[in-house]
Every structure is written in C-alpha cells, then in structure tokens.
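K.L.:
Mind having a look at this structure? Questions to follow.
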Amino acid sequence: MSTTDKISFAQAINQALDEAMGADPKVMVFGEDIADEQGGGVFKATKGLSGKYGTGRVRTTPIAEQAIMGAAVGAAIAGYRPVAEIMFMNFLTVCMDQLVNHAAKLRFMSGGKTWVPLTVRCTTGAGVGFGGQHSDMLEAWFAHVPGMKVVSASNPAEAKGLLLSAIEDDDPTLFIEDIMMYSQQGEAPAPGFKVPLGKARVRREGSDVSVITYGRPVRLMDEMAERLAGEGINVEVIDLRTIAPFDEETVLNSVAKTGRAVIVHEAIKSFGTGAEISSRIHEELFSDLKAPVQRIGSKYSPVPFSPPLEQAFLYSEDEVTTAIKRIMG
Amino acid sequence: MSTTDKISFAQAINQALDEAMGADPKVMVFGEDIADEQGGGVFKATKGLSGKYGTGRVRTTPIAEQAIMGAAVGAAIAGYRPVAEIMFMNFLTVCMDQLVNHAAKLRFMSGGKTWVPLTVRCTTGAGVGFGGQHSDMLEAWFAHVPGMKVVSASNPAEAKGLLLSAIEDDDPTLFIEDIMMYSQQGEAPAPGFKVPLGKARVRREGSDVSVITYGRPVRLMDEMAERLAGEGINVEVIDLRTIAPFDEETVLNSVAKTGRAVIVHEAIKSFGTGAEISSRIHEELFSDLKAPVQRIGSKYSPVPFSPPLEQAFLYSEDEVTTAIKRIMG
Amino acid sequence: MAQQLDQANDIDGATLVEIFRRSMRVYKTDERFRQMLMSGKLRLVYYPVRGQEVLSASMMSALNIDDYLVTTYRGVHDQVAKGIPLKDLWAEFTGKVTGTCKGKGGPMHITDPDTGVMVTTGIVGAGLPIANGLALASQQSGDGRVTVVSFGDGATNIGAFHEALNLASLWKLPVIFLCQNNRYAEHTAYSVGTSAKRIIDRAPGYSMEAVRVDGNNPIEMYNAAKAAVDRARAGEGPTLIEAMTYRMLGHTFGADFSYVPKELQEEAKANDPIPAFHQLLLDRGVAAEEIAAIEAAIDAELDAAVEHALASEYPGLEELRIDVLKEEIRA
Amino acid sequence: MAQQLDQANDIDGATLVEIFRRSMRVYKTDERFRQMLMSGKLRLVYYPVRGQEVLSASMMSALNIDDYLVTTYRGVHDQVAKGIPLKDLWAEFTGKVTGTCKGKGGPMHITDPDTGVMVTTGIVGAGLPIANGLALASQQSGDGRVTVVSFGDGATNIGAFHEALNLASLWKLPVIFLCQNNRYAEHTAYSVGTSAKRIIDRAPGYSMEAVRVDGNNPIEMYNAAKAAVDRARAGEGPTLIEAMTYRMLGHTFGADFSYVPKELQEEAKANDPIPAFHQLLLDRGVAAEEIAAIEAAIDAELDAAVEHALASEYPGLEELRIDVLKEEIRA
Ligand SMILES: Cc1ncc(C[n+]2csc(CCOP(=O)(O)OP(=O)(O)O)c2C)c(N)n1
Ligand SMILES: Cc1ncc(C[n+]2csc(CCOP(=O)(O)OP(=O)(O)O)c2C)c(N)n1
Ligand SMILES: [Mg+2]
Ligand SMILES: [Mg+2]
C-alpha cells in the first residue's frame, strides 16, 4: 500500500464490510435500503455488497428497527455475525429493547450458553441541519449498559480497523459513525488492518494537559494542539476509539504525567460520558491533579435547526482552549 | 393529620393520583391493567380511580407502550395532564422514542408553541428475584436527555408530594418507583402536601462527609449515618429527590462544608448518575475537597437472578462505610 | 380520471375550486423550494412532495382549521394544504426567528397550532400514537375536533403503526389514519418492505373501517376524506385511508432515484395530477381567468413569504436556553 | 372433544401417547412448583401454566429436538414439552449453579441450546423478532431447522409482533408464530386490549398462512403444528397459529384473579384438558397401566430433579464478573 492512497470514511466502512464478508461467510448485513437494488444504502456504505455476496447475506429490510435488531440478535445466537444498520442513532430509540434487554444480556442470562456477536452501525451528529431528531449523540446510554461495547472512529483508516474488530468481537458492539465525516478523506489502511477494541490511541504526546476525546472532535483537537504548541502549551491528545469500556490505563497514565485533563465530546455535557471519565481520573489521581478535570460537551438543549443555534449548541475549540488556559493557571 | 398515621408507598402514589385527579379534570391516567375492572393495577397504585373518575380518565390500555406514551404525548400537547404508567422501567426500552424524541423535545422544537405536561411512572429495582429484564435502574439515560426531569422518592410522604409536583409540572417528568418499597410504611402527609421538583433534602446534618443519594438507598444511609455517629463520624445525608436536573446548590453547599462526598445509587456505577454529580463536585470544589469524591453503585453486570448473586450485585452499606472510612483517612 | 365521474359522488364546484387552490398552493411552494435549492439560494435537507399535492389538498379541505394534523418530514403538502401561513413556514425552513418554531424546529419539525398543525415528526411511524392522544383529548373534552395523521406506505411496517391502529379502534377515537401510498419508502419499493397486498388489508386486524382511493383524484379523495371526517366527528371511530399516489421525485431533493424503473416514471408523468386537475376545472366550466387569478394570488403570497423569510433574523443565541424546559436554563 | 374426532385428521397412537407424556411432564412440573411455593419451600415469581399443557405438548411433539424454541416468562410448559432436563430446569428456578444458566438467568430467562430452547424473554413481544433471526440462520445455512416462538394473546398488540410477522412473511422464514390465546393478558380480558375479533384476522395483513385451533385438543393442535412445521421445513414460509386455550390460574402464582367471571372459571374447569386427555387415551385403548407407568416415570424424574436442585450450590460470587462480556471483568 502506498501511504498516499486516500479513502473516504464511507469507503472505509464499505471496505471493512467487504473484507469481513469475504473472510467469514457468517457475516451478514441487514438494514433499510442497503442492497444494491435500493442503491446500496443511503450513505452508500453497503454499495456493491449485495451484488458480491448476494441478497441472502445483504438484506434490505422494511422500516422496522425492532425487526432488524431482533433478526440480528437471533441470527447471532445461532452462529452468525450480523451487522445491523440502524440508519440514524436516534432510531435506536425504537429498538432499544432488543439491544439493551436482549443483545447485551443474553450471554449473562444464559450463563454463557449463548452470546451475541452483533455489530450495530448507526450515524448521527449535529451540523447538517437535520434538527432535533436526527442528530443526538447517545453513546452514554449504551456505555451504561453492561454487556456491550461502544466504539467511534476519528478517521477512515481506524474506522475500518475498528469496524473489522467489532465484527470479529464476540460481544455486541455499537459502532457510531459521524454523518459529517462520511466524505472526509484519510489515509487508506493496508488490507486487513485492524484496531483492537478497548485501546485508546495517543495521537500526540504532550506534557501540560491531556485532552481526551473520540470521534469527530479528534481532528479539531489535533489541530488545536498544534496551534497551542505554538503558544508553548504541550497538549497530549488521546482518542479513546472505544468509548466503553474505555482504556483507563492509557487515560490514567497520561493524566498522571500531565496532571491536567480536559474531556471533549459532542454529546451534551450533563450526564455524558465525560462525567465517567472525569470521575475515574479524580478517583484515581486526586493528589496528582494540578487542577480539576474539565469537560466540554454540547449545550443542554435538543439539537436546534437554525444554523447559528446549531453551531452554538456544539462544543467549540474556543471552549476547549479557554478551559486549558484556565487550568494552566 | 395525626403524625402517627402511616401509609404505604403504594397508597401514597394512589393518594397523589386521587388528589391530582380530584383537583384538575385535565389529569388522566393510562396504563396496563390500571382500571378497577382489571384489578386497579398490578401494584394497586391506581385502585379505585376508575370507579371514582370514570374509565374515560382512567384507561386500561393494551400491551403497547408506544401507544400508551404516544397517547399521553398527544393528549398533553392538547391540554391534558396525562400520567402514563409504564409498568417496569425496562419496558421504557420499547417506547423510548416517544419519550425522548418527542415528549422531551416538542417544547423546544415547536419554539415553545406546544409543551408536554406528562408524568411517566414506572417501577424497578433489584432484590425481588425478577432477574435481568425487570430490575434495571436506567435513570442516567433520562438525566442525559435535555427537556425532561427525573424524580425518585425515598419515603411514602415525599413520594406523594413529588408525584403531585410532577403532575403539576409543565415538562415531562419520569417518576421512578422502587418495587421493593411499595409496601414500605411511612408517615402520612397532610392532604395537598407537595415536594418541589429540583430541591434536594438534607435529611441529617453532619460535618465529616456528605452522602448523596436518592430512592431506596436513602433509608439505609439514614441508618448508616446513625451507626457511624456512634463511631464519631458525622455524616450529612442528602436525598436528591429530583435526580435531573439535580439540586447543585444543596449538594455543593454541603460538600463545601464537609470536604468529602460519597454518592450512592442502585444503578451500576459506570456511566451512572453518580459520575455527573462527582464531576460537578470536583469541578466546583476542587480545592475544598479533602479527598476524591467516592461513588458506590451496583456492579457492572446485568441483574442476576440467583439470590446471593443479586445481593452481591447491589451496592451495600459495607461498601459505603468502607469508602467513608478510607476518605476519612 | 375526471372523465368517469360518478354523479352520486360528485362534489360541488366551490369545494373543487378550493381543493385546486390548496393543491396549487402546495405545488408552487414545493416548486419554489426546489428552485431555490437548485440555484443554491437555499441549503437544507428537503423532502419533495411533487405528485402528492392533490391528495393533501383534498384531505385538508374536508377538515376545519382547528382540526388537528400530525405529519412527517415529507409534510409540506399537508402543512400548506392545512392552511399554514407561507411566510411562517418559509421563515422556519430558513431557520429564522420569525418561523413557526422560531427556527428551532426546522423543516422536519413544523408546529403551528393556529392552523392545527400539532406535530411534524422525523421518526417514521411516531406520529400515529401521538395522533391518538390528540383525538383522545377531543373525545374527552367533546370539542368535536378530528385528528388526521399522515404517513407513508413504508411506515405501515413499523410497530408504532400497529399499536396506534389497535388503540384507536378499541377506544373509537376520532382519528383518521391517512396512508399516502407513494409506492416507495426511501429507495425501497412497496413490495420489498410490505407484506400486505394492500395497506387496507391490515384494517380487519383492527376491526377498522378502511378505504382505498386514488389519492390523486380530488373527487374520490375528497369524498373518502369527508366520509372519514364525518364518521370521526359523529363518534363512530377511526378510519384508515389508503390514498394511492406517487412520489415523482427522489426521497430528498437531489437524491439519486435511478432505482425507480423508467416505465413507472413515464407513467407517473403521464398521470401528473396537477395538469389533470387543471383540465378538470376547465371541463367543469371554471373560467381560465378564475384559475389564473388563484395562481396569481398564490404567487404573490409566495413571493412575499420568501422575501420575508430571507429578510428575517436568525434567533438569538439565548434561544438555546429557552423552551428546553419551561424555566429558562441558566447561562 | 375427543368424541368428535375427524378420522382424516387423526394421529397415530404412539404420537398421542408421546403428547400425553409431555403434557403430564408439564402438568406435574407446574403442580410441583405450585405445591412448593404454597408450602413455602420455594420463593420466586412463578407464572403458572395450568390449562395450557396440552397445547405446548402437541406443538413440541411436532418438532425435532434441535428445532429452535423462543418463549416467555410463562414458558415452563414450552420448555418442559420441548424436552429440557427437569433437573437443569429446577436448578435454574432455584438459582443454583447447576441450572441451565448457572442460576444467573432464572425462571424468566431459561436457555438450553441442547434442547433448542434458545431464548426465554420477560419482555412481551420481544421473542418474535429474535425468532426470525434464528429462522434466518436456518434459512441461510440450510440446516433444516424450524423455529417456534410462543407468545400470548396480549402480545399481539405490541409493535414487535407486527414488525416480526411482516418480516417473516417477506423473507419466507421457517418460523411458526404460536399465539397461545388464553383470553387474558395479566388482568386484562382479550377484548379490552385486542381489536381483532380473532388473532388470525391479522394474518392477511402479512399475506401469512394462519390457522385457529382448539389448543387444548391434542389432535387438532398437533395436526396444525405438524402442518406448519412441514410448511416451514419445505421452505414455504411462516405460519401463524392461534391456539385457543385458557389460563386456569392467576397471572402469577398467588395473584388475585377475582376479575375473571365465575362462569368462565367453571366452564374452564369442566373442560380441563388434562382429565379429558386421560379419558381420550383410555377411549383409544391405551392401558391404564401404561398411563400409570408414564406418570410414575415423570414423578421419579421430578423427585430427582427437585432433590438435585435443592442439594445444589449457589453460584460463586465471581460469576458476577463472568459472562458479562466474553472476557472476565476485572474484580
Ligand atoms: C424509525 C425510523 N426509521 C427510519 C427512518 C429513515 N427514513 C426516513 S423516511 C423513510 C422512508 C419512509 O417511507 P414512507 O413511510 O413510505 O414515506 P415517504 O417518505 O414515502 O413519504 C425512512 C426509512 C426514520 N426516519 N425513522
Ligand atoms: C413490553 C412489556 N410490557 C408489559 C409487560 C408486563 N406483562 C408481563 S406479562 C403481561 C401479559 C401478557 O399477556 P399475554 O401476551 O396474553 O400472555 P400470557 O401471560 O397470557 O401468557 C404483561 C402486560 C412486559 N413484560 N413487557
Ligand atoms: Mg412511501
Ligand atoms: Mg394471554
């Protein structure tokens, strides 16, 4: 592979599904509009797959998320590795039961006799102008559910690598895609490149403050770190990649070194994932901390439609740098 | 009212509904089995209401939680004050969309033209032996949803007072009942007694450590505080009552005074409500804290059936006292 | 279509003209949105309603202004036919504070209680249970209102549809389930997602009155709508209307719809309800001048609406803290 | 009932005896649970199956041991009729580590893949979409298995039922939807919650094969079950079976059921399927000794199962960290 090859986020997803299906005949894909007869998916993430693997393994479903998720759960306990596409994250609200009461619990409730190697893909994110019902970041809900994992990638290559790992994983995984990132280009990974679940990535080392984030904000934080370096502030940027269970070791090692942490996510701040990460850091590193851990998230509001409100709703680089400068004293 | 009058938690709920329906003809109640022809509810919380107010206002529904919640949302925006009973909290997973994408957002999305004065009641809690699908504490999910409130009472009188306030409130409120507490007896409140939403109650003053909790653990914490007082440890016990948005002022004032805090809830610890409370305390009172804020919750596991496992799953007084003693140094 | 009118089911000229007026108000609004999107003057996710104008116009003409409507993302035809002021609608679509929802809801979440537009939802199927609640309020208060809820053919496969129809039937609610069967759900053809031969085949499972009509025929559609409204208003319970129509453009503006067979598109173009309606009016002796005057009035209203929307302000950022809860959120 | 046997639909003696054996295995298990609960030797939330034994026994007798079953909280009859070892079942109900699920699932969550018991759910309706997935796996792998999913009359009103039947029909899945219509959903009578006159009236809305039978009549029930299994196995798609029965006791053990009309209870007692089946066997010339031997064998199995369960250990507390995820959770 030449490192100058570029692929988009959507292509990365498509490649991961293609490779997974090629490698393992037990991998199946379900979702609305996903087969080629229906155009290969609203975001083209599944384009070409039904042509290549057949409409037995790549199935366009009715608009019936409980049916999709249930079919995936059933097929999973019978030995398949389904990838269920729930178009938008907010639509998980119509099939939470299957995911939370069943997929996540069946291994435990059966005493290990069945398990659910299921991957659920969905997209979301504010910034497109979809308004209140298509933009929420709900990862905190699923992080609070024992028995499942939550994953979010910050670039095409890792998206592919994480999705492959999620599909191979024997537990249910929610794989969150960001609608603003589908066309984002990034370095193409080598075929078969994988990113292990549960491992964060230190994207940039720094000695002053650890910025812990995942998904879309990662790129912004990379850029911000670069800018702050110019001002003499050395930011360590950590991309969690797996949001739950998160890589406590990497996070705690980093903050033990820097003594300061800022957590950044798009979900609203109150009762978001940042609260858990912040609490863990305080609990474990209380006396090492030079300042309280800061959290930056979106505002306490449904996602607004009007473009200026939608922008104001979102976390901003400004808020992060302000927080960093505040705790740098 | 003689203060020696006792009522059970279930009776308190029943009285609140009765008083609310008597006071306001716009209050309606929906739910499975709730009318008297069906025995007045599985937990008898609605017993007698359909007889008194008619089956137009007290409606037994099919097993169709989306239909229940949707009917409540629609009636609410048309000027009614519905109280929807979703029998068990886990069943909210089949109607999350109505609650989260609609009830909580309609005020905002309509620019204030409609609003949803809805109260959702549900029960839950481990300890009865219901196993994995009828026992979860999911309040953290709803606390993370802008536009709605989450409430939980620790005794019959306040249950009545909080439920009356929730019904009168013009925003959607989730009112969580604990299945282990229905038969718990407590002092009967005076008619019309109300507990304002958003206000915590300091149940016992103390100077050494603030224990912040809500719902069933409150009584245990009261007892524990009494025991620890015998050992010379003065515990301040705070019952949040409204979990979201929670009463930061009371919490922060208390911890500013004691310098130590332990948060206790039945929900599993990871990504639970304790994380938000802990983070807020650290953020606001970092330099006043004598030790990191501790969180005690249930274990990272689905709720197990087997009685010894179910007990081991739950938070325990022991864990709380151990944490207190550790941070007391 | 107009040729084989059943005399017994005919409707009076004034009503027909009113349906036409509403159809054109929809048609021109939709057209203007697409023009402005095409020219880049507007940027938003837009769900065209081309081909479904007459259906909505006929249905809404059978309602009073204070009857309730619940609709979806593809709801502009319903909202406009129900009578929503165009300037408020345009301002909302452009995110302005003068919009129906102060710009906070946007196209997918239009609410305008003054014209009975109570909920517009982006979640497929979610409107049906809510419509029951509105109808329940009317049943309980005796205000005599009827609630109409619009949804697509694809929506009939989701759980909320089922739960809502069952409840409405049991409780005899004054609600009309208007299925706009436009033969596609996003990119998925009817028979790929729907096991019922016809949507109305699901009605007996709810002991519900149901009727299937050509939604593009204003007379057939209006009569079915009127009958359902009369039943609901008389306390005789809900009706499921399966109104056959066709989505002449892609799912969203600009979206590929190459998955649609060419012949289907050709056939649909040949049966375009708008020219047919125009011809029907002429056949019925409505003067070309009267038609032109109707259209001109709409054009003027539309021009003013667009101008108003573009000239309006965006909401102030404090709006992020308002309408979340009743009390303003602290800054 | 047995009196009016349709010769053409009769079944062979061996099958009938097998159905009887399974019925009695259910009957005696259920009876023993209730006895032990009554005497206080056991404490758990128990959902009696009294009156529905023959229904399950007939259905499961038409299946192979490796065919899949999905059932509910009220599932003991299905599980036992499917062949689950009683000692494993009893150990699970008592929360012991020797149980089907190491005591971690409990009565509402019995899983035993060896006998095809794949999922027992406590969420009404949730089993149906999962059954589709199991059936899909069989369709895809060609393993020839059939999936049966049991649920009550009340469950037919929840969204998951609708979504599952639609999908199964579209995909022609080898799945059987077994509605055990026992006339009550908790305390709610059939017609209060269900708008369909008969559950099978919902089948045309899914273009699905459907049949309504007396579930308490082993011959009628078995024949319907067999036909559905044959269709599924032949790749001809799903069937909805509405099996009429009656829940002779309260929703849960000890629960009040004064809401049930006296006459209904009287009538049900008179039509108790267990004595009727006993009589049927005698009428068909099965020797009383053979019947007694069957019952004695079950009693012995049951005694051993109860003893085993009571003597078994509870799971160790480390089990809280096992089976949550594949990797053990750190202490
Ligand atoms: C619960 C849910 N699932 C999926 C979607 C994505 N989606 C939006 S519109 C649509 C198709 C709906 O088709 P139909 O009901 O026929 O209405 P039409 O768009 O044709 O008017 C889908 C799948 C959604 N909005 N909500
Ligand atoms: C989604 C959901 N809602 C409500 C319940 C509570 N509940 C348990 S059993 C039951 C009645 C079910 O009736 P039916 O389907 O007829 O089955 P039966 O108990 O009669 O076998 C109800 C309402 C539940 N478990 N799940
Ligand atoms: Mg459609
Ligand atoms: Mg029943």
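Every chain in the structure tokens takes a letter, A first, then B, and so on in the order presented; its residues are numbered from 1, and the ligands are numbered from 1 following the presented order.
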Can you pull out every residue within 10 Å of Ala20 of chain A, counting only C-alpha atoms, but drop anything in the same chain fewer than 3 positions away, and send it as a list of chain:residue names?

P.N.:
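Here the answer would be A:Asn14, A:Gln15, A:Ala16, A:Leu17, A:Ala23, A:Asp24, A:Pro25, A:Lys26, A:Val27, A:Met28, A:Arg81, A:Leu163, A:Leu164, A:Ser165, A:Ile167, A:Glu168, A:Gly192.
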
K.L.:
Write as a PyMOL selection string the residues around ligand 2, taking 6 Å as the cut-off and counting only C-alpha atoms and all ligand atoms.

P.N.:
(chain B and resi 63+91) or (chain D and resi 74+122-124+151-155+182+184-186)

K.L.:
For chain C, which residue among D:Leu249, D:Met208, D:Leu42, D:Val80 is the nearest when counting only C-alpha atoms?

P.N.:
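Result for the nearest residue to chain C: D:Met208.
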
K.L.:
Which residues are close to Ala196 of chain C, i.e. within 10 Å by only C-alpha atoms, leaving aside same-chain residues fewer than 4 positions away? Reply as a list in words.

P.N.:
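The neighbour list is Thr156, Asn157, Tyr190, Ser191, Ile200, Asp201 and Arg202 of chain C; Asn166, Ser169, Leu170, Ala203, Pro204, Gly205, Tyr206, Ser207 and Met208 of chain D.
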
K.L.:
Give me, as an NGL selection string, all polymer residues having an atom no more than 10 Å from Asp323 of chain C, counting only C-alpha atoms and skipping those fewer than 6 positions away in the same chain.

P.N.:
(:A and (301-302)) or (:B and (105-115 or 147)) or (:C and (104 or 329))
